[in-house]
$ cat input-v6.cif   # mmCIF, C-alpha atoms and all ligand atoms
data_protein
#
loop_
_atom_site.label_atom_id
_atom_site.label_comp_id
_atom_site.auth_asym_id
_atom_site.auth_seq_id
_atom_site.Cartn_x
_atom_site.Cartn_y
_atom_site.Cartn_z
CA MET D 32 16.22 -7.63 -26.82
CA VAL D 33 16.50 -7.79 -23.07
CA ASP D 34 13.49 -9.08 -21.18
CA VAL D 35 13.58 -6.65 -18.28
CA THR D 36 10.62 -8.40 -16.68
CA SER D 37 12.88 -11.41 -16.03
CA PHE D 38 14.65 -9.30 -13.38
CA PHE D 39 11.45 -8.62 -11.46
CA ARG D 40 10.76 -10.29 -8.16
CA PRO D 41 8.32 -12.96 -9.43
CA HIS D 42 5.48 -12.22 -7.00
CA LEU D 43 5.33 -8.60 -8.23
CA LYS D 44 3.67 -9.79 -11.43
CA LYS D 45 0.54 -10.23 -9.29
CA VAL D 46 0.42 -6.60 -8.14
CA ARG D 47 -2.80 -4.96 -9.26
CA PRO D 48 -2.07 -1.32 -10.14
CA TYR D 49 -3.97 1.31 -8.16
CA VAL D 50 -6.68 2.92 -10.27
CA PRO D 51 -6.93 6.57 -9.24
CA GLY D 52 -10.02 8.76 -9.69
CA LYS D 53 -9.82 10.43 -13.10
CA PRO D 54 -8.35 13.94 -12.92
CA ILE D 55 -10.43 16.77 -14.44
CA ALA D 56 -7.73 17.63 -16.99
CA GLU D 57 -7.67 14.04 -18.23
CA VAL D 58 -11.43 14.03 -18.86
CA GLN D 59 -11.08 17.30 -20.73
CA ARG D 60 -8.22 15.93 -22.80
CA GLU D 61 -9.62 12.46 -23.48
CA LEU D 62 -13.24 13.38 -24.12
CA GLY D 63 -12.77 16.92 -25.40
CA TYR D 64 -15.40 17.92 -22.82
CA VAL D 65 -15.72 21.70 -22.60
CA GLY D 66 -18.51 22.18 -20.01
CA GLU D 67 -18.19 22.23 -16.22
CA ILE D 68 -16.58 19.05 -14.96
CA LEU D 69 -17.50 17.71 -11.53
CA LYS D 70 -14.96 15.49 -9.85
CA LEU D 71 -16.92 13.39 -7.39
CA ALA D 72 -14.47 10.52 -7.49
CA SER D 73 -11.76 11.03 -4.87
CA ASN D 74 -13.50 12.37 -1.75
CA GLU D 75 -11.63 15.66 -1.73
CA ASN D 76 -12.87 18.79 0.04
CA VAL D 77 -14.93 20.74 -2.50
CA LEU D 78 -14.55 23.92 -0.41
CA GLY D 79 -10.87 23.87 -1.28
CA PRO D 80 -8.03 24.61 1.15
CA SER D 81 -8.15 26.99 4.07
CA PRO D 82 -7.03 30.54 3.13
CA LEU D 83 -4.54 30.25 6.00
CA ALA D 84 -2.86 27.34 4.19
CA LEU D 85 -2.63 29.35 0.97
CA GLU D 86 -1.05 32.29 2.81
CA ALA D 87 1.48 30.02 4.50
CA ILE D 88 2.41 28.45 1.14
CA LYS D 89 2.94 31.88 -0.46
CA LYS D 90 5.17 32.90 2.41
CA GLU D 91 7.22 29.72 2.12
CA LEU D 92 7.62 29.80 -1.68
CA PRO D 93 10.92 31.77 -1.77
CA ASN D 94 12.48 29.07 0.44
CA ILE D 95 11.77 26.08 -1.77
CA TRP D 96 15.33 25.96 -3.01
CA LEU D 97 16.14 24.55 0.44
CA TYR D 98 15.49 20.94 1.45
CA PRO D 99 12.62 20.62 3.87
CA ALA D 100 13.12 19.76 7.54
CA ASP D 101 13.28 15.98 7.37
CA SER D 102 12.36 15.71 11.05
CA VAL D 103 9.01 17.45 10.31
CA TYR D 104 9.67 18.90 13.76
CA TYR D 105 7.08 21.68 14.07
CA LEU D 106 4.22 19.71 12.59
CA LYS D 107 4.98 16.67 14.75
CA LYS D 108 5.18 18.89 17.84
CA GLU D 109 1.77 20.40 17.03
CA LEU D 110 0.22 16.98 16.41
CA ALA D 111 1.73 15.61 19.63
CA GLU D 112 0.08 18.44 21.58
CA LEU D 113 -3.20 18.06 19.71
CA HIS D 114 -3.47 14.34 20.49
CA GLY D 115 -1.62 14.18 23.81
CA VAL D 116 0.92 11.65 22.54
CA PRO D 117 4.74 11.78 22.49
CA VAL D 118 6.39 13.16 19.35
CA GLU D 119 8.15 9.78 19.10
CA SER D 120 4.79 8.08 18.37
CA ILE D 121 4.13 10.11 15.23
CA VAL D 122 5.13 9.31 11.66
CA VAL D 123 4.30 11.97 9.07
CA GLY D 124 4.29 10.86 5.47
CA ASN D 125 3.73 11.95 1.90
CA GLY D 126 0.05 11.30 2.43
CA ALA D 127 -1.28 8.71 4.87
CA VAL D 128 -0.63 6.32 2.03
CA GLU D 129 3.12 6.63 2.61
CA VAL D 130 2.59 5.51 6.20
CA ILE D 131 0.61 2.52 4.87
CA TYR D 132 3.49 1.62 2.53
CA LEU D 133 5.98 1.93 5.39
CA LEU D 134 3.91 -0.24 7.70
CA ALA D 135 3.74 -2.96 5.08
CA GLN D 136 7.46 -2.63 4.32
CA ALA D 137 8.35 -2.87 7.98
CA THR D 138 6.20 -5.88 8.81
CA LEU D 139 5.09 -8.10 5.93
CA ASN D 140 7.01 -11.25 5.00
CA PRO D 141 6.02 -13.60 2.17
CA GLY D 142 3.27 -15.89 3.45
CA ASP D 143 2.12 -13.51 6.20
CA GLU D 144 -1.58 -12.73 6.27
CA ILE D 145 -3.42 -9.47 6.35
CA ILE D 146 -7.12 -9.12 7.07
CA MET D 147 -9.28 -6.47 5.45
CA GLY D 148 -12.87 -5.85 4.38
CA GLN D 149 -14.20 -6.56 0.92
CA PRO D 150 -14.51 -3.92 -0.37
CA ALA D 151 -12.02 -1.70 1.46
CA PHE D 152 -9.30 0.84 0.68
CA MET D 153 -7.53 -0.93 -2.14
CA ILE D 154 -3.99 0.05 -1.11
CA TYR D 155 -4.15 -2.56 1.68
CA GLU D 156 -4.55 -5.28 -0.93
CA ILE D 157 -1.78 -3.83 -3.07
CA MET D 158 0.54 -3.89 -0.03
CA ALA D 159 -0.15 -7.60 0.46
CA GLN D 160 0.58 -8.27 -3.21
CA MET D 161 3.81 -6.22 -3.14
CA HIS D 162 5.14 -8.19 -0.19
CA ASP D 163 3.83 -11.60 -1.28
CA ALA D 164 1.56 -11.74 1.73
CA THR D 165 -1.88 -13.34 1.68
CA ARG D 166 -4.94 -11.16 1.76
CA ILE D 167 -7.87 -12.44 3.76
CA ALA D 168 -10.76 -10.37 2.40
CA ILE D 169 -13.94 -10.45 4.43
CA GLY D 170 -17.19 -9.47 2.77
CA HIS D 171 -20.51 -8.62 4.39
CA PRO D 172 -23.96 -8.26 2.79
CA ASP D 173 -24.19 -4.71 4.20
CA TYR D 174 -20.75 -3.78 2.86
CA ARG D 175 -19.25 -3.27 6.31
CA ASN D 176 -16.05 -4.26 8.09
CA ASP D 177 -17.32 -7.37 9.86
CA LEU D 178 -15.05 -7.33 12.89
CA LYS D 179 -16.51 -10.52 14.36
CA ALA D 180 -15.46 -12.35 11.18
CA PHE D 181 -12.12 -10.48 11.21
CA ALA D 182 -11.49 -11.87 14.71
CA GLU D 183 -12.31 -15.43 13.61
CA HIS D 184 -9.69 -15.17 10.87
CA VAL D 185 -6.79 -13.96 13.02
CA SER D 186 -4.17 -16.71 12.94
CA ASP D 187 -0.54 -17.01 13.94
CA ARG D 188 0.30 -15.84 10.42
CA THR D 189 -1.71 -12.60 10.68
CA LYS D 190 0.43 -9.48 10.79
CA ILE D 191 -2.05 -6.66 10.19
CA ALA D 192 -5.81 -6.21 10.43
CA TRP D 193 -6.77 -3.13 8.41
CA ILE D 194 -9.93 -1.35 9.52
CA ASP D 195 -10.82 1.66 7.42
CA ASN D 196 -13.26 3.41 9.70
CA PRO D 197 -15.35 4.66 7.99
CA ASN D 198 -14.84 2.09 5.27
CA ASN D 199 -13.74 3.38 1.90
CA PRO D 200 -15.68 2.93 -0.42
CA THR D 201 -18.87 2.10 1.48
CA GLY D 202 -18.93 4.67 4.31
CA SER D 203 -19.99 1.99 6.82
CA TYR D 204 -18.70 2.42 10.34
CA CYS D 205 -17.55 0.33 13.30
CA SER D 206 -18.53 1.77 16.67
CA LYS D 207 -16.11 2.11 19.57
CA THR D 208 -17.86 -0.84 21.26
CA GLU D 209 -17.33 -3.06 18.21
CA VAL D 210 -13.69 -2.04 17.79
CA LEU D 211 -12.96 -2.56 21.49
CA GLU D 212 -14.51 -6.00 21.39
CA PHE D 213 -12.33 -6.85 18.39
CA ILE D 214 -9.19 -5.46 20.02
CA GLU D 215 -9.84 -7.52 23.13
CA GLN D 216 -10.32 -10.69 21.10
CA VAL D 217 -7.18 -10.06 19.08
CA ASP D 218 -5.16 -9.10 22.16
CA ASP D 219 -1.62 -8.52 20.91
CA ARG D 220 -1.59 -11.26 18.25
CA CYS D 221 -1.36 -8.79 15.35
CA LEU D 222 -1.15 -5.11 14.56
CA VAL D 223 -4.48 -3.36 14.13
CA VAL D 224 -4.53 -0.37 11.83
CA ILE D 225 -7.48 1.95 12.32
CA ASP D 226 -7.55 4.16 9.27
CA GLU D 227 -9.43 7.32 10.19
CA ALA D 228 -8.94 9.29 6.98
CA TYR D 229 -12.57 10.49 7.18
CA GLN D 230 -12.80 10.85 10.96
CA HIS D 231 -13.97 14.50 10.82
CA PHE D 232 -17.17 13.56 9.00
CA VAL D 233 -18.28 10.98 11.57
CA ASP D 234 -21.52 11.72 13.43
CA HIS D 235 -22.07 8.24 14.87
CA PRO D 236 -23.49 8.03 18.43
CA ASP D 237 -20.65 5.70 19.53
CA PRO D 238 -17.63 7.13 17.73
CA CYS D 239 -14.33 5.30 17.77
CA ASP D 240 -11.07 7.20 18.21
CA GLY D 241 -8.11 4.90 17.60
CA ILE D 242 -5.71 7.36 19.24
CA GLU D 243 -7.69 7.20 22.50
CA LEU D 244 -7.62 3.39 22.41
CA PHE D 245 -3.85 3.49 21.86
CA LYS D 246 -3.41 5.91 24.75
CA ASN D 247 -5.51 3.59 26.92
CA GLY D 248 -2.85 0.91 26.56
CA HIS D 249 -3.67 -0.92 23.33
CA GLU D 250 -0.13 -0.66 22.01
CA ASN D 251 -0.73 -2.71 18.86
CA ILE D 252 -3.09 -0.06 17.45
CA ILE D 253 -1.90 2.26 14.72
CA THR D 254 -4.19 5.16 13.84
CA LEU D 255 -3.96 6.87 10.48
CA ARG D 256 -5.14 10.38 9.71
CA THR D 257 -4.82 12.56 6.61
CA PHE D 258 -4.84 16.22 5.58
CA SER D 259 -6.34 15.31 2.20
CA LYS D 260 -9.98 15.24 3.26
CA VAL D 261 -11.55 17.74 5.68
CA ILE D 262 -8.37 19.86 5.67
CA GLY D 263 -8.55 20.19 1.87
CA LEU D 264 -4.89 19.64 1.01
CA ALA D 265 -4.98 16.41 -1.04
CA GLY D 266 -2.67 17.82 -3.70
CA ILE D 267 0.13 18.73 -1.32
CA ARG D 268 0.36 15.15 0.07
CA CYS D 269 0.53 14.90 3.82
CA GLY D 270 -0.84 12.42 6.35
CA TYR D 271 0.31 10.72 9.54
CA GLY D 272 0.12 7.73 11.79
CA ILE D 273 0.21 7.42 15.58
CA MET D 274 1.74 4.24 16.94
CA HIS D 275 4.15 2.61 19.36
CA PRO D 276 7.41 4.66 19.36
CA GLU D 277 9.56 1.66 18.35
CA LEU D 278 7.38 1.04 15.33
CA ALA D 279 7.40 4.77 14.52
CA LEU D 280 11.19 4.79 14.66
CA MET D 281 11.38 1.87 12.23
CA LEU D 282 8.96 3.53 9.81
CA ASP D 283 10.87 6.81 9.96
CA THR D 284 14.08 4.90 9.26
CA LEU D 285 12.52 3.35 6.14
CA ARG D 286 10.89 6.59 4.98
CA ILE D 287 12.29 8.28 1.86
CA ASN D 288 14.34 11.30 2.94
CA PHE D 289 12.44 14.58 2.76
CA SER D 290 9.23 12.87 1.67
CA VAL D 291 7.19 15.58 3.40
CA ASN D 292 7.90 18.71 1.39
CA SER D 293 8.31 22.16 2.92
CA LEU D 294 5.10 23.60 1.43
CA ALA D 295 3.12 20.71 2.90
CA GLN D 296 4.63 21.25 6.33
CA VAL D 297 3.74 24.96 6.54
CA ALA D 298 0.36 24.56 4.83
CA VAL D 299 -0.78 21.84 7.21
CA LEU D 300 0.45 23.72 10.28
CA ALA D 301 -1.62 26.73 9.21
CA ALA D 302 -4.67 24.76 8.08
CA ILE D 303 -5.14 22.78 11.29
CA LYS D 304 -5.62 26.08 13.14
CA ASP D 305 -8.53 27.04 10.87
CA LYS D 306 -11.34 25.50 12.90
CA GLU D 307 -13.97 27.52 11.03
CA HIS D 308 -12.94 25.98 7.71
CA MET D 309 -13.14 22.50 9.23
CA VAL D 310 -16.58 23.14 10.72
CA LYS D 311 -17.88 24.50 7.38
CA SER D 312 -16.39 21.58 5.46
CA ARG D 313 -18.00 19.06 7.79
CA GLN D 314 -21.38 20.79 7.67
CA LEU D 315 -21.33 20.84 3.88
CA VAL D 316 -20.91 17.07 3.92
CA LEU D 317 -23.59 16.47 6.54
CA ASP D 318 -26.08 18.61 4.57
CA GLY D 319 -25.08 16.97 1.29
CA ARG D 320 -25.66 13.51 2.75
CA GLU D 321 -29.25 14.35 3.66
CA TYR D 322 -29.94 15.86 0.25
CA LEU D 323 -28.51 12.87 -1.61
CA TYR D 324 -30.26 10.30 0.63
CA GLY D 325 -33.55 12.03 -0.17
CA GLN D 326 -32.85 12.01 -3.90
CA PHE D 327 -31.71 8.37 -3.92
CA ASP D 328 -34.87 7.41 -1.99
CA GLN D 329 -37.01 9.15 -4.60
CA LEU D 330 -35.14 7.32 -7.35
CA GLY D 331 -35.59 4.00 -5.53
CA LEU D 332 -31.84 3.44 -5.36
CA SER D 333 -30.26 1.39 -2.65
CA TYR D 334 -27.37 3.06 -0.79
CA ASN D 335 -25.36 2.78 2.41
CA GLU D 336 -25.79 5.44 5.08
CA THR D 337 -22.34 6.93 5.23
CA GLN D 338 -20.01 8.27 7.88
CA GLY D 339 -17.71 9.70 5.20
CA ASN D 340 -17.91 12.42 2.56
CA TYR D 341 -19.06 9.94 -0.09
CA ILE D 342 -21.96 7.57 -0.65
CA TRP D 343 -21.95 3.99 -1.92
CA VAL D 344 -24.87 3.28 -4.21
CA ASP D 345 -25.89 -0.21 -5.33
CA PHE D 346 -27.76 -0.16 -8.66
CA GLY D 347 -28.43 -3.89 -8.57
CA TYR D 348 -27.01 -4.38 -12.07
CA ASP D 349 -23.72 -3.68 -13.78
CA ALA D 350 -23.18 0.03 -13.12
CA LYS D 351 -20.26 0.51 -15.50
CA GLY D 352 -22.59 2.04 -18.07
CA ILE D 353 -23.87 4.53 -15.51
CA SER D 354 -20.34 5.70 -14.63
CA GLU D 355 -19.42 5.95 -18.30
CA PHE D 356 -22.57 7.88 -19.16
CA LEU D 357 -21.87 10.33 -16.33
CA LEU D 358 -18.24 10.68 -17.41
CA HIS D 359 -19.37 11.72 -20.88
CA GLU D 360 -21.64 14.26 -19.18
CA GLY D 361 -18.68 15.69 -17.24
CA VAL D 362 -19.39 14.01 -13.88
CA ILE D 363 -16.58 11.79 -12.61
CA ILE D 364 -17.61 9.19 -10.03
CA ARG D 365 -15.83 6.06 -8.82
CA PRO D 366 -17.15 2.88 -10.43
CA GLY D 367 -17.61 -0.05 -8.09
CA TRP D 368 -15.87 -2.59 -10.34
CA ILE D 369 -12.56 -1.06 -9.19
CA PHE D 370 -13.43 -2.38 -5.72
CA GLY D 371 -14.73 -5.71 -6.99
CA SER D 372 -18.39 -4.58 -6.70
CA PRO D 373 -19.55 -4.03 -10.29
CA THR D 374 -23.16 -3.20 -9.41
CA CYS D 375 -22.08 -0.26 -7.22
CA ALA D 376 -20.51 3.17 -7.47
CA ARG D 377 -19.04 5.58 -4.95
CA VAL D 378 -19.97 9.24 -5.25
CA SER D 379 -18.22 12.00 -3.34
CA ILE D 380 -20.57 14.50 -1.74
CA GLY D 381 -20.21 17.87 -3.42
CA ASN D 382 -21.67 21.30 -2.66
CA GLN D 383 -25.39 21.79 -3.23
CA HIS D 384 -24.90 23.02 -6.81
CA GLN D 385 -22.73 20.01 -7.66
CA ASN D 386 -25.06 17.56 -5.95
CA GLU D 387 -27.98 18.90 -7.95
CA ILE D 388 -26.11 18.63 -11.25
CA PHE D 389 -25.06 15.10 -10.35
CA ILE D 390 -28.65 14.07 -9.59
CA GLU D 391 -29.95 15.66 -12.78
CA LYS D 392 -27.38 13.77 -14.86
CA LEU D 393 -27.91 10.58 -12.91
CA LYS D 394 -31.61 10.75 -13.75
CA ASN D 395 -30.67 10.99 -17.42
CA ALA D 396 -28.34 8.02 -17.05
CA LEU D 397 -31.07 5.96 -15.37
CA LYS D 398 -33.57 6.85 -18.11
CA THR D 399 -31.34 5.42 -20.78
CA SER D 400 -30.80 1.69 -20.89
CA VAL D 401 -27.08 2.35 -20.71
CA GLY D 402 -26.47 0.73 -17.33
CA LYS D 403 -28.83 -2.15 -17.52
CA SER D 404 -26.55 -4.68 -19.11
CA LYS D 405 -27.17 -8.15 -17.75
CA GLN D 406 -23.55 -9.09 -18.21
CA LEU D 407 -21.19 -8.04 -15.47
CA SER D 408 -18.10 -6.42 -16.90
CA VAL D 409 -15.45 -7.28 -14.35
C1 LIG A 501 -9.32 5.08 3.84
C2 LIG A 501 -8.20 5.90 3.31
N1 LIG A 501 -7.01 5.84 3.91
C3 LIG A 501 -5.97 6.55 3.49
C4 LIG A 501 -6.07 7.38 2.41
C5 LIG A 501 -4.84 8.09 1.94
O1 LIG A 501 -4.87 9.43 2.17
P1 LIG A 501 -3.68 10.36 1.69
O2 LIG A 501 -4.24 11.27 0.67
O3 LIG A 501 -3.26 11.08 2.95
O4 LIG A 501 -2.58 9.50 1.18
C6 LIG A 501 -7.28 7.49 1.74
C7 LIG A 501 -7.39 8.33 0.55
O5 LIG A 501 -8.35 8.39 -0.14
C8 LIG A 501 -8.38 6.73 2.19
O6 LIG A 501 -9.55 6.76 1.57
#
$ encode --input "input-v6.cif" --output "structure tokens"
Amino acid sequence: MVDVTSFFRPHLKKVRPYVPGKPIAEVQRELGYVGEILKLASNENVLGPSPLALEAIKKELPNIWLYPADSVYYLKKELAELHGVPVESIVVGNGAVEVIYLLAQATLNPGDEIIMGQPAFMIYEIMAQMHDATRIAIGHPDYRNDLKAFAEHVSDRTKIAWIDNPNNPTGSYCSKTEVLEFIEQVDDRCLVVIDEAYQHFVDHPDPCDGIELFKNGHENIITLRTFSKVIGLAGIRCGYGIMHPELALMLDTLRINFSVNSLAQVAVLAAIKDKEHMVKSRQLVLDGREYLYGQFDQLGLSYNETQGNYIWVDFGYDAKGISEFLLHEGVIIRPGWIFGSPTCARVSIGNQHQNEIFIEKLKNALKTSVGKSKQLSV
């Protein structure tokens, strides 16, 4: 029998597979659950997509026998106008995650270092593992991206500093002042990725816009945005990055041909014009935050104030039992052990009805002894 694993690049054995939020159909299938299932695990837009996106998709359907426009011309043109950057600075991908993959592919050599928060969006870590780079993971007692500590760890081996802003999973945020200070300290010693997947939910008094910093001359900044969150098109897979044109050209050269499908291109073009849908989606999240903060306060739970559409709760003991209890009750949340924080969980903010069901079931979970295991299960 052939040992196919002997053909693998040896360092790939260390790659930790990405653990996605459980899909609704999987919970139905695995648990035989027949009631209403709430997916509060992947920070999607519970309002769904804009009706304009759905119309555009229907109109495009008869054309799907044709390959899509690989140049993503019309969408790039629209984004260039929206942000006041040249088309040549934009890379559109099959989700922002494709742009992350391309960045890593284009830059990381074995032995290079990347800097990221602990916890942070786990794909950054997976990229380091895939390319045999070293991850410098920087924790903070308040679960935030500690940019002062990031700056202290920049070395001549650092290639990328990843700042998810807001941080996923914790929702903590770095202000423009903090980011600027970091950028000035780093100068041009490494690339700085500012991942603004949740930018539309930010209501911070000193908001940071990576694209503005880039336009103001910080050419080592790459800003990531996605259509999976406020725009409500996670399933169609589309996101983008704005960066130095030479880097963009390299990423586009490495990109899989036609990775941005034709339905995604028309849907996104239509959806970004639906300002009303965006405003409603944002408001739903801002209202949901306040409701959930109030409920968590009443329950005596410790949580991070969030700038995203999700909240990071710290139960103070192994929370795996809580997530499992909720799963059996049809509520899917994101357990913290996935991010290396077993006492925590990340909950996406739903609509009022969903938030109320979640709280009701959470109260049941807390009443049982299910979560209070002394032993950490990571
Ligand atoms: C911080 C962060 N960056 C990037 C992404 C990737 O988004 P996309 O769905 O566009 O691949 C996500 C998705 O959850 C995210 O949380």
$ atom_distance --input "input-v6.cif" --atom1 "atom CA of D:Glu119" --atom2 "atom CA of D:Leu280"
7.3 Å
$ residues_near_ligand --input "input-v6.cif" --ligand "ligand LIG 501 (chain A)" --cutoff "10 Å" --atoms "only C-alpha atoms and all ligand atoms" --output "VMD selection string"
chain D and resid 51 to 52 72 to 75 123 to 131 151 to 155 193 to 200 202 225 to 230 255 to 260 263 to 271 339
$ residues_near_point --input "input-v6.cif" --point "(-3.6, 28.9, 6.7)" --cutoff "10 Å" --atoms "all atoms listed in the file" --output "list in words"
Pro80, Ser81, Pro82, Leu83, Ala84, Leu85, Glu86, Ala87, Ile88, Val297, Ala298, Val299, Leu300, Ala301, Ala302, Ile303, Lys304, Asp305 and His308 of chain D
$ closest_residue --input "input-v6.cif" --among "D:Trp96, D:Trp368, D:Tyr104, D:Phe389" --to "D:Val291" --atoms "only C-alpha atoms"
D:Tyr104
$ atom_distance --input "input-v6.cif" --atom1 "atom CA of D:Leu78" --atom2 "atom CA of D:Arg313"
10.1 Å
$ residues_near_point --input "input-v6.cif" --point "(-33.6, 13.8, -4.0)" --cutoff "12 Å" --atoms "all atoms listed in the file" --output "list in words"
Gly319, Arg320, Glu321, Tyr322, Leu323, Tyr324, Gly325, Gln326, Phe327, Asp328, Gln329, Leu330, Gly331, Leu332, Gln383, Asn386, Glu387, Ile388, Phe389, Ile390, Glu391, Leu393 and Lys394 of chain D
$ write_last_selection --input "input-v6.cif" --atoms "C-alpha atoms" --output "short mmCIF file (atom, residue, chain, number, x, y, z; two decimals), keeping the file's coordinate frame"
data_model
loop_
_atom_site.label_atom_id
_atom_site.label_comp_id
_atom_site.auth_asym_id
_atom_site.auth_seq_id
_atom_site.Cartn_x
_atom_site.Cartn_y
_atom_site.Cartn_z
CA GLY D 319 -25.08 16.97 1.29
CA ARG D 320 -25.66 13.51 2.75
CA GLU D 321 -29.25 14.35 3.66
CA TYR D 322 -29.94 15.86 0.25
CA LEU D 323 -28.51 12.87 -1.61
CA TYR D 324 -30.26 10.30 0.63
CA GLY D 325 -33.55 12.03 -0.17
CA GLN D 326 -32.85 12.01 -3.90
CA PHE D 327 -31.71 8.37 -3.92
CA ASP D 328 -34.87 7.41 -1.99
CA GLN D 329 -37.01 9.15 -4.60
CA LEU D 330 -35.14 7.32 -7.35
CA GLY D 331 -35.59 4.00 -5.53
CA LEU D 332 -31.84 3.44 -5.36
CA GLN D 383 -25.39 21.79 -3.23
CA ASN D 386 -25.06 17.56 -5.95
CA GLU D 387 -27.98 18.90 -7.95
CA ILE D 388 -26.11 18.63 -11.25
CA PHE D 389 -25.06 15.10 -10.35
CA ILE D 390 -28.65 14.07 -9.59
CA GLU D 391 -29.95 15.66 -12.78
CA LEU D 393 -27.91 10.58 -12.91
CA LYS D 394 -31.61 10.75 -13.75
#
$ residues_around --input "input-v6.cif" --residues "D:Leu315" --least-positions-apart "6" --cutoff "10 Å" --atoms "all atoms listed in the file" --output "list in words"
Asn76, Val77, Leu78, Phe232, Met309, Asn340, Ile380, Gly381, Asn382 and Gln383 of chain D
$ closest_residue --input "input-v6.cif" --among "D:Leu110, D:Ala192, D:Val224, D:Val118" --to "D:Ile145" --atoms "all atoms listed in the file"
D:Ala192
$ closest_residue --input "input-v6.cif" --among "D:His114, D:Arg286, D:Arg365, D:Arg220" --to "D:Lys246" --atoms "all atoms listed in the file"
D:His114
$ residues_around --input "input-v6.cif" --residues "D:Val65" --least-positions-apart "2" --cutoff "12 Å" --atoms "all atoms listed in the file" --output "list of chain:residue names"
D:Ile55, D:Ala56, D:Glu57, D:Val58, D:Gln59, D:Arg60, D:Glu61, D:Leu62, D:Gly63, D:Glu67, D:Ile68, D:Leu69, D:His359, D:Glu360, D:Gly361
$ atom_distance --input "input-v6.cif" --atom1 "atom CA of D:Lys53" --atom2 "atom CA of D:Gly367"
14.0 Å
